[in-house]
$ cat coords.tsv   # TSV, C-alpha atoms and all ligand atoms
chain	number	residue	atom	x	y	z
A	1	MET	CA	36.64	-51.22	28.24
A	2	THR	CA	34.64	-49.38	25.61
A	3	GLY	CA	33.41	-45.86	26.20
A	4	SER	CA	29.79	-46.94	26.28
A	5	ILE	CA	30.40	-49.64	28.90
A	6	ALA	CA	32.41	-47.21	31.01
A	7	TYR	CA	29.59	-44.72	30.70
A	8	ALA	CA	26.96	-47.29	31.70
A	9	LEU	CA	29.00	-48.21	34.80
A	10	LEU	CA	29.40	-44.54	35.62
A	11	LEU	CA	25.62	-44.06	35.48
A	12	LEU	CA	25.13	-46.91	37.96
A	13	LEU	CA	27.44	-45.15	40.38
A	14	VAL	CA	25.85	-41.71	40.08
A	15	PRO	CA	22.51	-41.33	41.87
A	16	ALA	CA	19.79	-39.15	40.33
A	17	GLY	CA	20.25	-35.49	41.18
A	18	ALA	CA	24.00	-35.92	41.72
A	19	ALA	CA	26.62	-33.61	40.25
A	20	ALA	CA	26.89	-33.52	36.47
A	21	ALA	CA	29.04	-36.17	34.81
A	22	VAL	CA	31.39	-35.93	31.85
A	23	LEU	CA	30.14	-37.68	28.69
A	24	PRO	CA	32.44	-39.63	26.33
A	25	LEU	CA	33.82	-37.56	23.44
A	26	GLU	CA	35.51	-38.11	20.11
A	27	GLU	CA	37.69	-35.37	18.61
A	28	VAL	CA	36.80	-35.72	14.92
A	29	ALA	CA	38.94	-32.74	13.84
A	30	PRO	CA	41.24	-30.45	15.85
A	31	GLY	CA	39.00	-28.58	18.31
A	32	LEU	CA	35.79	-30.27	17.14
A	33	TYR	CA	34.33	-32.78	19.58
A	34	VAL	CA	31.35	-35.12	19.23
A	35	HIS	CA	29.38	-37.11	21.77
A	36	VAL	CA	27.68	-40.04	20.02
A	37	GLY	CA	24.14	-40.91	21.06
A	38	PRO	CA	22.97	-44.56	21.06
A	39	HIS	CA	20.34	-45.84	18.59
A	40	GLU	CA	17.57	-46.02	21.18
A	41	ASP	CA	14.30	-44.32	22.03
A	42	PHE	CA	14.06	-42.31	25.28
A	43	THR	CA	14.54	-44.54	28.35
A	44	PRO	CA	15.29	-43.82	32.03
A	45	GLU	CA	18.74	-45.35	31.43
A	46	ASN	CA	19.70	-43.03	28.56
A	47	ARG	CA	17.81	-40.04	30.07
A	48	GLY	CA	16.95	-38.80	26.60
A	49	GLY	CA	20.62	-38.74	25.58
A	50	ILE	CA	20.15	-40.34	22.17
A	51	ALA	CA	21.25	-37.66	19.66
A	52	ASN	CA	24.76	-36.79	18.59
A	53	LEU	CA	26.02	-33.59	20.23
A	54	ALA	CA	29.06	-31.52	19.27
A	55	PHE	CA	31.11	-28.47	20.13
A	56	VAL	CA	33.72	-26.39	18.36
A	57	VAL	CA	36.47	-24.53	20.21
A	58	GLY	CA	37.84	-21.28	18.76
A	59	ARG	CA	40.59	-19.02	20.09
A	60	GLU	CA	38.09	-16.92	22.04
A	61	ALA	CA	34.88	-18.87	22.44
A	62	VAL	CA	33.01	-22.15	22.08
A	63	ALA	CA	29.90	-22.99	20.08
A	64	VAL	CA	27.87	-26.01	21.12
A	65	ILE	CA	25.68	-27.82	18.61
A	66	ASP	CA	22.59	-29.35	20.22
A	67	ALA	CA	21.78	-29.76	23.88
A	68	GLY	CA	20.56	-33.33	24.46
A	69	GLY	CA	17.14	-34.65	25.38
A	70	SER	CA	16.66	-33.74	29.05
A	71	PRO	CA	17.82	-31.24	31.68
A	72	ALA	CA	20.10	-33.95	33.16
A	73	ILE	CA	21.79	-34.61	29.82
A	74	GLY	CA	22.09	-30.85	29.24
A	75	ARG	CA	23.92	-30.42	32.57
A	76	ASP	CA	26.24	-33.33	31.80
A	77	TRP	CA	26.88	-31.95	28.34
A	78	LEU	CA	27.80	-28.51	29.69
A	79	GLU	CA	30.08	-30.17	32.25
A	80	THR	CA	31.68	-32.16	29.41
A	81	VAL	CA	32.45	-28.96	27.47
A	82	ARG	CA	33.85	-27.29	30.56
A	83	ALA	CA	36.06	-30.26	31.32
A	84	ARG	CA	37.67	-29.81	27.89
A	85	THR	CA	38.04	-26.02	27.62
A	86	ASP	CA	37.80	-22.94	29.84
A	87	ARG	CA	36.79	-20.68	26.95
A	88	PRO	CA	33.26	-19.29	27.30
A	89	VAL	CA	30.34	-21.11	25.72
A	90	ARG	CA	29.01	-18.20	23.70
A	91	TRP	CA	26.55	-19.99	21.42
A	92	LEU	CA	24.21	-22.95	21.63
A	93	ILE	CA	23.06	-23.82	18.11
A	94	LEU	CA	19.91	-25.96	18.01
A	95	THR	CA	19.73	-27.88	14.74
A	96	HIS	CA	15.93	-28.38	14.90
A	97	VAL	CA	12.91	-28.67	17.16
A	98	HIS	CA	13.08	-32.39	18.08
A	99	PRO	CA	13.20	-33.08	21.83
A	100	ASP	CA	16.38	-35.20	21.80
A	101	HIS	CA	18.24	-32.14	20.47
A	102	VAL	CA	16.70	-29.28	22.48
A	103	LEU	CA	15.39	-30.29	25.91
A	104	GLY	CA	18.81	-29.95	27.56
A	105	ALA	CA	19.14	-26.31	26.51
A	106	GLY	CA	18.29	-24.83	29.93
A	107	ALA	CA	21.76	-25.44	31.39
A	108	PHE	CA	23.38	-23.53	28.52
A	109	ALA	CA	20.93	-20.62	28.72
A	110	GLU	CA	21.64	-20.36	32.45
A	111	ALA	CA	25.37	-20.34	31.70
A	112	GLY	CA	24.88	-17.32	29.42
A	113	ALA	CA	25.00	-18.93	25.98
A	114	VAL	CA	22.96	-17.28	23.24
A	115	ILE	CA	20.56	-19.75	21.65
A	116	VAL	CA	20.77	-19.88	17.85
A	117	GLY	CA	17.89	-21.42	15.91
A	118	HIS	CA	15.97	-21.50	12.66
A	119	GLU	CA	13.67	-18.51	12.15
A	120	ARG	CA	10.72	-20.84	12.81
A	121	LEU	CA	12.18	-22.60	15.87
A	122	ALA	CA	10.59	-20.47	18.60
A	123	GLU	CA	7.14	-20.89	17.13
A	124	ALA	CA	7.63	-24.63	16.58
A	125	LEU	CA	8.88	-25.13	20.14
A	126	ALA	CA	5.92	-23.27	21.58
A	127	ALA	CA	3.52	-25.44	19.58
A	128	ARG	CA	5.19	-28.78	20.24
A	129	ALA	CA	6.72	-28.49	23.70
A	130	PRO	CA	3.61	-29.53	25.69
A	131	ALA	CA	3.41	-32.82	23.77
A	132	TYR	CA	7.17	-33.41	23.99
A	133	VAL	CA	7.19	-32.80	27.73
A	134	ALA	CA	4.17	-35.06	28.33
A	135	ASN	CA	5.82	-37.83	26.32
A	136	MET	CA	9.12	-37.39	28.13
A	137	ARG	CA	7.35	-37.49	31.51
A	138	GLN	CA	5.87	-40.85	30.55
A	139	LEU	CA	9.09	-42.34	29.12
A	140	LEU	CA	11.49	-41.15	31.83
A	141	GLY	CA	9.17	-41.84	34.79
A	142	ALA	CA	10.68	-41.12	38.20
A	143	ILE	CA	13.73	-39.28	36.82
A	144	PHE	CA	11.63	-36.82	34.79
A	145	GLU	CA	12.42	-33.12	35.38
A	146	GLU	CA	10.51	-30.25	33.79
A	147	PRO	CA	12.74	-28.84	31.02
A	148	GLN	CA	13.31	-25.12	30.70
A	149	LEU	CA	12.47	-24.14	27.13
A	150	PRO	CA	15.13	-22.03	25.47
A	151	ALA	CA	14.46	-18.51	24.21
A	152	VAL	CA	15.91	-18.22	20.70
A	153	GLY	CA	18.27	-15.23	20.79
A	154	ARG	CA	19.51	-15.37	17.18
A	155	ARG	CA	17.10	-16.45	14.48
A	156	VAL	CA	18.60	-17.68	11.23
A	157	ALA	CA	16.52	-16.97	8.13
A	158	ILE	CA	16.35	-19.23	5.09
A	159	GLY	CA	18.71	-17.83	2.46
A	160	SER	CA	20.65	-15.67	4.96
A	161	PRO	CA	23.35	-17.77	6.62
A	162	LEU	CA	24.71	-16.54	9.93
A	163	THR	CA	28.47	-16.35	10.40
A	164	LEU	CA	29.82	-16.91	13.91
A	165	ASP	CA	33.48	-16.16	14.58
A	166	LEU	CA	34.82	-18.07	17.58
A	167	GLY	CA	38.26	-16.49	17.14
A	168	ASP	CA	40.20	-17.78	14.12
A	169	ARG	CA	37.38	-20.25	13.64
A	170	VAL	CA	34.35	-19.32	11.57
A	171	LEU	CA	31.11	-21.27	11.59
A	172	GLU	CA	28.49	-20.81	8.90
A	173	VAL	CA	24.97	-21.54	10.15
A	174	ALA	CA	22.37	-22.11	7.42
A	175	ALA	CA	18.58	-22.47	7.74
A	176	TRP	CA	16.84	-24.88	5.37
A	177	PRO	CA	13.39	-25.00	3.80
A	178	THR	CA	11.15	-27.74	5.26
A	179	ALA	CA	12.91	-31.14	5.05
A	180	HIS	CA	13.48	-33.40	8.11
A	181	THR	CA	11.43	-30.81	10.04
A	182	ASP	CA	10.45	-27.20	9.32
A	183	THR	CA	13.28	-25.93	11.56
A	184	ASP	CA	16.45	-27.55	10.18
A	185	LEU	CA	19.84	-25.85	10.51
A	186	THR	CA	23.29	-26.98	9.41
A	187	VAL	CA	26.65	-25.72	10.65
A	188	LEU	CA	29.76	-25.66	8.48
A	189	ASP	CA	33.09	-25.47	10.31
A	190	ARG	CA	35.21	-23.94	7.56
A	191	ALA	CA	38.56	-24.56	9.29
A	192	SER	CA	38.18	-28.33	9.41
A	193	GLY	CA	35.83	-28.81	6.45
A	194	THR	CA	33.22	-30.43	8.69
A	195	LEU	CA	29.48	-30.17	8.12
A	196	LEU	CA	27.42	-30.58	11.29
A	197	ALA	CA	24.32	-31.78	9.52
A	198	GLY	CA	21.87	-32.26	12.38
A	199	ASP	CA	19.08	-34.63	11.42
A	200	LEU	CA	19.30	-33.69	7.75
A	201	LEU	CA	21.69	-36.65	7.81
A	202	PHE	CA	20.80	-39.97	9.44
A	203	VAL	CA	23.35	-42.78	9.35
A	204	GLU	CA	22.42	-46.31	10.55
A	205	ARG	CA	19.22	-45.14	12.28
A	206	LEU	CA	16.19	-44.94	9.96
A	207	PRO	CA	15.52	-41.35	8.83
A	208	VAL	CA	12.29	-39.86	10.22
A	209	VAL	CA	10.21	-37.63	7.94
A	210	ASP	CA	8.59	-34.95	10.09
A	211	GLY	CA	8.66	-32.10	7.58
A	212	SER	CA	8.53	-32.84	3.85
A	213	LEU	CA	9.74	-35.91	1.99
A	214	VAL	CA	10.04	-34.01	-1.29
A	215	GLY	CA	11.64	-31.08	0.52
A	216	TRP	CA	14.23	-33.36	2.13
A	217	ILE	CA	15.12	-35.00	-1.20
A	218	ASP	CA	15.50	-31.52	-2.72
A	219	ALA	CA	17.60	-30.39	0.24
A	220	MET	CA	19.97	-33.33	-0.28
A	221	SER	CA	20.79	-32.08	-3.77
A	222	ALA	CA	21.91	-28.78	-2.26
A	223	LEU	CA	23.54	-30.38	0.78
A	224	GLU	CA	25.79	-32.60	-1.30
A	225	ARG	CA	27.35	-29.53	-2.92
A	226	ILE	CA	28.52	-28.15	0.42
A	227	PRO	CA	32.32	-28.27	0.27
A	228	ALA	CA	32.99	-30.38	3.36
A	229	ARG	CA	35.21	-33.44	3.64
A	230	ARG	CA	33.32	-35.00	6.54
A	231	ALA	CA	29.95	-34.68	8.23
A	232	VAL	CA	28.67	-35.21	11.74
A	233	PRO	CA	25.20	-36.79	11.44
A	234	GLY	CA	22.43	-36.12	13.95
A	235	HIS	CA	22.32	-39.88	14.53
A	236	GLY	CA	25.10	-42.29	13.60
A	237	PRO	CA	28.89	-42.37	13.97
A	238	ALA	CA	30.78	-39.29	15.18
A	239	ALA	CA	31.95	-38.49	11.65
A	240	VAL	CA	31.35	-39.86	8.16
A	241	ALA	CA	32.77	-39.14	4.70
A	242	TRP	CA	30.99	-36.33	2.86
A	243	PRO	CA	28.97	-36.39	0.65
A	244	GLN	CA	29.20	-40.19	0.25
A	245	ALA	CA	27.38	-40.73	3.56
A	246	LEU	CA	24.17	-39.34	2.04
A	247	ALA	CA	23.73	-42.33	-0.26
A	248	PRO	CA	21.76	-44.77	1.99
A	249	GLN	CA	19.44	-42.02	3.20
A	250	ARG	CA	18.86	-40.85	-0.36
A	251	ALA	CA	18.07	-44.42	-1.48
A	252	TYR	CA	15.56	-44.88	1.35
A	253	LEU	CA	13.80	-41.55	0.85
A	254	GLU	CA	13.71	-41.83	-2.97
A	255	GLY	CA	12.39	-45.40	-2.67
A	256	LEU	CA	9.72	-44.25	-0.22
A	257	LYS	CA	8.65	-41.47	-2.57
A	258	GLN	CA	8.36	-43.79	-5.55
A	259	ALA	CA	6.50	-46.48	-3.63
A	260	VAL	CA	3.99	-44.08	-2.08
A	261	ARG	CA	3.45	-42.22	-5.36
A	262	GLU	CA	2.58	-45.54	-6.95
A	263	LEU	CA	0.07	-46.31	-4.17
A	264	VAL	CA	-1.60	-42.93	-4.65
A	265	ARG	CA	-1.68	-43.44	-8.44
A	266	ARG	CA	-3.33	-46.84	-8.02
A	267	GLY	CA	-5.91	-45.45	-5.59
A	268	THR	CA	-4.73	-47.51	-2.61
A	269	PRO	CA	-6.37	-45.97	0.46
A	270	LEU	CA	-4.25	-44.49	3.25
A	271	SER	CA	-5.50	-47.23	5.59
A	272	ASN	CA	-3.69	-49.85	3.45
A	273	ALA	CA	-0.62	-47.79	2.65
A	274	VAL	CA	1.61	-48.80	5.56
A	275	ALA	CA	1.11	-52.52	4.89
A	276	SER	CA	1.82	-51.97	1.18
A	277	VAL	CA	5.35	-50.54	1.48
A	278	PRO	CA	7.84	-53.20	2.66
A	279	ALA	CA	10.03	-52.20	5.60
A	280	PRO	CA	13.60	-51.40	4.51
A	281	THR	CA	16.55	-53.51	5.63
A	282	GLY	CA	19.92	-52.32	6.86
A	283	TRP	CA	18.58	-49.68	9.27
A	284	GLN	CA	18.08	-49.58	13.02
A	285	LEU	CA	14.80	-48.63	14.75
A	286	VAL	CA	12.79	-49.34	11.59
A	287	GLU	CA	9.42	-49.62	13.31
A	288	PRO	CA	7.39	-47.67	14.11
A	289	ASN	CA	9.29	-45.03	12.15
A	290	HIS	CA	8.94	-46.60	8.70
A	291	GLY	CA	5.17	-46.86	9.10
A	292	ARG	CA	4.99	-43.23	10.21
A	293	ASN	CA	7.10	-42.20	7.23
A	294	VAL	CA	4.76	-44.00	4.83
A	295	THR	CA	1.76	-42.23	6.37
A	296	ALA	CA	3.49	-38.84	6.26
A	297	ALA	CA	4.58	-39.41	2.66
A	298	TYR	CA	1.08	-40.45	1.60
A	299	VAL	CA	-0.51	-37.35	3.13
A	300	GLU	CA	2.11	-35.18	1.41
A	301	LEU	CA	2.02	-36.85	-2.01
A	302	GLU	CA	-1.71	-37.47	-2.28
A	303	TRP	CA	-2.36	-33.86	-3.43
A	304	GLU	CA	0.53	-33.53	-5.87
A	401	ZN	ZN	15.16	-34.99	14.45

$ encode --input "coords.tsv" --output "structure tokens" --more "lines below"
Ligand SMILES: [Zn+2]
Amino acid sequence: MTGSIAYALLLLLVPAGAAAAVLPLEEVAPGLYVHVGPHEDFTPENRGGIANLAFVVGREAVAVIDAGGSPAIGRDWLETVRARTDRPVRWLILTHVHPDHVLGAGAFAEAGAVIVGHERLAEALAARAPAYVANMRQLLGAIFEEPQLPAVGRRVAIGSPLTLDLGDRVLEVAAWPTAHTDTDLTVLDRASGTLLAGDLLFVERLPVVDGSLVGWIDAMSALERIPARRAVPGHGPAAVAWPQALAPQRAYLEGLKQAVRELVRRGTPLSNAVASVPAPTGWQLVEPNHGRNVTAAYVELEWE
């Protein structure tokens, strides 16, 4: 039985509001565990659990990377960590503002973890949370619970990486200029040579541009120089070869930039832009995300 089938059966057996469940994990390097999210939008069945989540265990403490997309997923995720290690969860690192990564944070804050985020995360959360919560209420229906929004205890500034020592295990947390969003963080686990890339790396699932297309392409040039041997993408398999795994995303984003630049140059109006850029192949969840990316790229590139 595969992990995902076992998990689906488990969900059928656990009524809403029941005790937290343990999520499937892959150990991609010694002491570094990943829960892989499915390539889906929010549904009552997945409870907003669609992003990859990870944790790193040091000699003294644990750091968790991303919290999942709902309070229920957050509780399960905390239970999953606790089932694997009794060391304290000292840090919850949120890789960016998107709801599938942050709305489970309440369970970790309650358990005493310090929330680590980009210097702009608190402001971005305050601005976007009402819309995220309204959307989640609609998509999750009867199982919706009001999420507790995390207070960012450690803000990471662009150009000033934060070093977290978990006890013989050092994580380097870096804040990025606007790319996938305006709140992107990456985490480098030096001991295992693993880059936890958040949504600066999409694999299989179409990348979503919610920050800056040009900024993201620029960020990839810096990202690929990070000396890691593997990466954990925000969406995709538990671990991929680094930096080779950037190639499909780079091809899509570069192609999008060239196509939209050409539309702007020719004077094609925004209203015709989406229909003028063919949808890419080889990705999951292409629409409506490709159309949104074209619109976002047009608005960004039109004033170059
Ligand atoms: Zn995202």

$ closest_residue --input "coords.tsv" --among "A:Ile158, A:Asp168, A:Asp41, A:Glu26" --to "Asn135 (chain A)" --atoms "only C-alpha atoms"
A:Asp41

$ residues_near_ligand --input "coords.tsv" --ligand "ligand ZN 401 (chain A)" --cutoff "7 Å" --atoms "only C-alpha atoms and all ligand atoms" --output "number ranges by chain"
A: 96, 98, 180, 199

$ closest_residue --input "coords.tsv" --among "A:Ala296, A:Ala67, A:Ala61, A:Val116" --to "Val89 (chain A)" --atoms "only C-alpha atoms"
A:Ala61

$ residues_around --input "coords.tsv" --residues "Gln244 (chain A)" --least-positions-apart "6" --cutoff "10 Å" --atoms "all atoms listed in the file" --output "list of chain:residue names"
A:Glu224, A:Arg229, A:Arg230, A:Ala231

$ write_last_selection --input "coords.tsv" --atoms "C-alpha atoms" --output "tab-separated table (two decimals), keeping the file's coordinate frame"
chain	number	residue	atom	x	y	z
A	224	GLU	CA	25.79	-32.60	-1.30
A	229	ARG	CA	35.21	-33.44	3.64
A	230	ARG	CA	33.32	-35.00	6.54
A	231	ALA	CA	29.95	-34.68	8.23

$ closest_residue --input "coords.tsv" --among "A:His118, A:Leu92, A:Pro130, A:Pro243" --to "Ala222 (chain A)" --atoms "only C-alpha atoms"
A:Pro243

$ residues_around --input "coords.tsv" --residues "Val286 (chain A)" --least-positions-apart "6" --cutoff "9 Å" --atoms "all atoms listed in the file" --output "list in words"
Arg205, Leu206, Pro207, Ala279 and Pro280 of chain A

$ residues_around --input "coords.tsv" --residues "Arg90 (chain A)" --least-positions-apart "5" --cutoff "10 Å" --atoms "only C-alpha atoms" --output "list in words"
Glu60, Ala61, Val62, Ala63, Val64, Phe108, Ala109, Ala111, Gly112, Ala113, Val114, Ile115, Leu164 and Leu166 of chain A

$ atom_distance --input "coords.tsv" --atom1 "CA of Ala126 (chain A)" --atom2 "CA of Glu172 (chain A)"
26.0 Å

$ closest_residue --input "coords.tsv" --among "A:Pro30, A:Gly282, A:Gly37, A:Gly69" --to "Pro237 (chain A)" --atoms "only C-alpha atoms"
A:Gly37

$ residues_around --input "coords.tsv" --residues "region 70-78 of chain A" --least-positions-apart "5" --cutoff "7 Å" --atoms "all atoms listed in the file" --output "PyMOL selection string"
chain A and resi 20-23+47-49+103-108+145+147

$ residues_around --input "coords.tsv" --residues "Leu121 (chain A)" --least-positions-apart "5" --cutoff "12 Å" --atoms "all atoms listed in the file" --output "CSV table (one decimal) with C-alpha atoms, in the coordinates of the input"
chain,number,residue,atom,x,y,z
A,93,ILE,CA,23.1,-23.8,18.1
A,94,LEU,CA,19.9,-26.0,18.0
A,95,THR,CA,19.7,-27.9,14.7
A,96,HIS,CA,15.9,-28.4,14.9
A,97,VAL,CA,12.9,-28.7,17.2
A,98,HIS,CA,13.1,-32.4,18.1
A,102,VAL,CA,16.7,-29.3,22.5
A,115,ILE,CA,20.6,-19.8,21.6
A,116,VAL,CA,20.8,-19.9,17.8
A,126,ALA,CA,5.9,-23.3,21.6
A,127,ALA,CA,3.5,-25.4,19.6
A,128,ARG,CA,5.2,-28.8,20.2
A,129,ALA,CA,6.7,-28.5,23.7
A,149,LEU,CA,12.5,-24.1,27.1
A,150,PRO,CA,15.1,-22.0,25.5
A,151,ALA,CA,14.5,-18.5,24.2
A,152,VAL,CA,15.9,-18.2,20.7
A,153,GLY,CA,18.3,-15.2,20.8
A,154,ARG,CA,19.5,-15.4,17.2
A,155,ARG,CA,17.1,-16.4,14.5
A,156,VAL,CA,18.6,-17.7,11.2
A,157,ALA,CA,16.5,-17.0,8.1
A,175,ALA,CA,18.6,-22.5,7.7
A,176,TRP,CA,16.8,-24.9,5.4
A,178,THR,CA,11.2,-27.7,5.3
A,181,THR,CA,11.4,-30.8,10.0
A,182,ASP,CA,10.4,-27.2,9.3
A,183,THR,CA,13.3,-25.9,11.6
A,184,ASP,CA,16.4,-27.6,10.2
A,185,LEU,CA,19.8,-25.8,10.5

$ closest_residue --input "coords.tsv" --among "A:Leu171, A:Leu162, A:Ile143, A:Val232" --to "Val57 (chain A)" --atoms "all atoms listed in the file"
A:Leu171

$ closest_residue --input "coords.tsv" --among "A:Ser192, A:Ser212, A:Gln148, A:Ser160" --to "Thr295 (chain A)" --atoms "only C-alpha atoms"
A:Ser212

$ build_atoms --input "coords.tsv" --residues "region 257-276 of chain A" --atoms "N, CA and C atoms" --output "PDB file, in the coordinates of the input"
ATOM      1  N   LYS A 257       9.432 -42.371  -1.709  1.00  0.00           N
ATOM      2  CA  LYS A 257       8.650 -41.470  -2.570  1.00  0.00           C
ATOM      3  C   LYS A 257       8.050 -42.234  -3.748  1.00  0.00           C
ATOM      4  N   GLN A 258       8.871 -43.052  -4.381  1.00  0.00           N
ATOM      5  CA  GLN A 258       8.360 -43.790  -5.550  1.00  0.00           C
ATOM      6  C   GLN A 258       7.268 -44.775  -5.158  1.00  0.00           C
ATOM      7  N   ALA A 259       7.477 -45.473  -4.042  1.00  0.00           N
ATOM      8  CA  ALA A 259       6.500 -46.480  -3.630  1.00  0.00           C
ATOM      9  C   ALA A 259       5.168 -45.829  -3.254  1.00  0.00           C
ATOM     10  N   VAL A 260       5.235 -44.719  -2.524  1.00  0.00           N
ATOM     11  CA  VAL A 260       3.990 -44.080  -2.080  1.00  0.00           C
ATOM     12  C   VAL A 260       3.294 -43.391  -3.256  1.00  0.00           C
ATOM     13  N   ARG A 261       4.058 -42.808  -4.170  1.00  0.00           N
ATOM     14  CA  ARG A 261       3.450 -42.220  -5.360  1.00  0.00           C
ATOM     15  C   ARG A 261       2.663 -43.269  -6.152  1.00  0.00           C
ATOM     16  N   GLU A 262       3.234 -44.454  -6.229  1.00  0.00           N
ATOM     17  CA  GLU A 262       2.580 -45.540  -6.950  1.00  0.00           C
ATOM     18  C   GLU A 262       1.278 -45.951  -6.249  1.00  0.00           C
ATOM     19  N   LEU A 263       1.294 -45.987  -4.922  1.00  0.00           N
ATOM     20  CA  LEU A 263       0.070 -46.310  -4.170  1.00  0.00           C
ATOM     21  C   LEU A 263      -1.018 -45.279  -4.453  1.00  0.00           C
ATOM     22  N   VAL A 264      -0.631 -44.016  -4.419  1.00  0.00           N
ATOM     23  CA  VAL A 264      -1.600 -42.930  -4.650  1.00  0.00           C
ATOM     24  C   VAL A 264      -2.152 -43.057  -6.077  1.00  0.00           C
ATOM     25  N   ARG A 265      -1.262 -43.329  -7.032  1.00  0.00           N
ATOM     26  CA  ARG A 265      -1.680 -43.440  -8.440  1.00  0.00           C
ATOM     27  C   ARG A 265      -2.682 -44.578  -8.617  1.00  0.00           C
ATOM     28  N   ARG A 266      -2.435 -45.680  -7.894  1.00  0.00           N
ATOM     29  CA  ARG A 266      -3.330 -46.840  -8.020  1.00  0.00           C
ATOM     30  C   ARG A 266      -4.609 -46.698  -7.206  1.00  0.00           C
ATOM     31  N   GLY A 267      -4.713 -45.651  -6.403  1.00  0.00           N
ATOM     32  CA  GLY A 267      -5.910 -45.450  -5.590  1.00  0.00           C
ATOM     33  C   GLY A 267      -5.947 -46.274  -4.321  1.00  0.00           C
ATOM     34  N   THR A 268      -4.786 -46.780  -3.893  1.00  0.00           N
ATOM     35  CA  THR A 268      -4.730 -47.510  -2.610  1.00  0.00           C
ATOM     36  C   THR A 268      -5.072 -46.544  -1.484  1.00  0.00           C
ATOM     37  N   PRO A 269      -6.021 -46.908  -0.603  1.00  0.00           N
ATOM     38  CA  PRO A 269      -6.370 -45.970   0.460  1.00  0.00           C
ATOM     39  C   PRO A 269      -5.256 -45.858   1.510  1.00  0.00           C
ATOM     40  N   LEU A 270      -5.261 -44.740   2.209  1.00  0.00           N
ATOM     41  CA  LEU A 270      -4.250 -44.490   3.250  1.00  0.00           C
ATOM     42  C   LEU A 270      -4.238 -45.631   4.269  1.00  0.00           C
ATOM     43  N   SER A 271      -5.427 -46.182   4.559  1.00  0.00           N
ATOM     44  CA  SER A 271      -5.500 -47.230   5.590  1.00  0.00           C
ATOM     45  C   SER A 271      -4.718 -48.478   5.192  1.00  0.00           C
ATOM     46  N   ASN A 272      -4.466 -48.677   3.898  1.00  0.00           N
ATOM     47  CA  ASN A 272      -3.690 -49.850   3.450  1.00  0.00           C
ATOM     48  C   ASN A 272      -2.249 -49.499   3.087  1.00  0.00           C
ATOM     49  N   ALA A 273      -1.914 -48.220   3.178  1.00  0.00           N
ATOM     50  CA  ALA A 273      -0.620 -47.790   2.650  1.00  0.00           C
ATOM     51  C   ALA A 273       0.548 -48.399   3.432  1.00  0.00           C
ATOM     52  N   VAL A 274       0.467 -48.359   4.758  1.00  0.00           N
ATOM     53  CA  VAL A 274       1.610 -48.800   5.560  1.00  0.00           C
ATOM     54  C   VAL A 274       1.943 -50.263   5.257  1.00  0.00           C
ATOM     55  N   ALA A 275       0.886 -51.097   5.154  1.00  0.00           N
ATOM     56  CA  ALA A 275       1.110 -52.520   4.890  1.00  0.00           C
ATOM     57  C   ALA A 275       1.615 -52.769   3.478  1.00  0.00           C
ATOM     58  N   SER A 276       1.473 -51.772   2.590  1.00  0.00           N
ATOM     59  CA  SER A 276       1.820 -51.970   1.180  1.00  0.00           C
ATOM     60  C   SER A 276       3.258 -51.583   0.835  1.00  0.00           C
TER      61      SER A 276
END
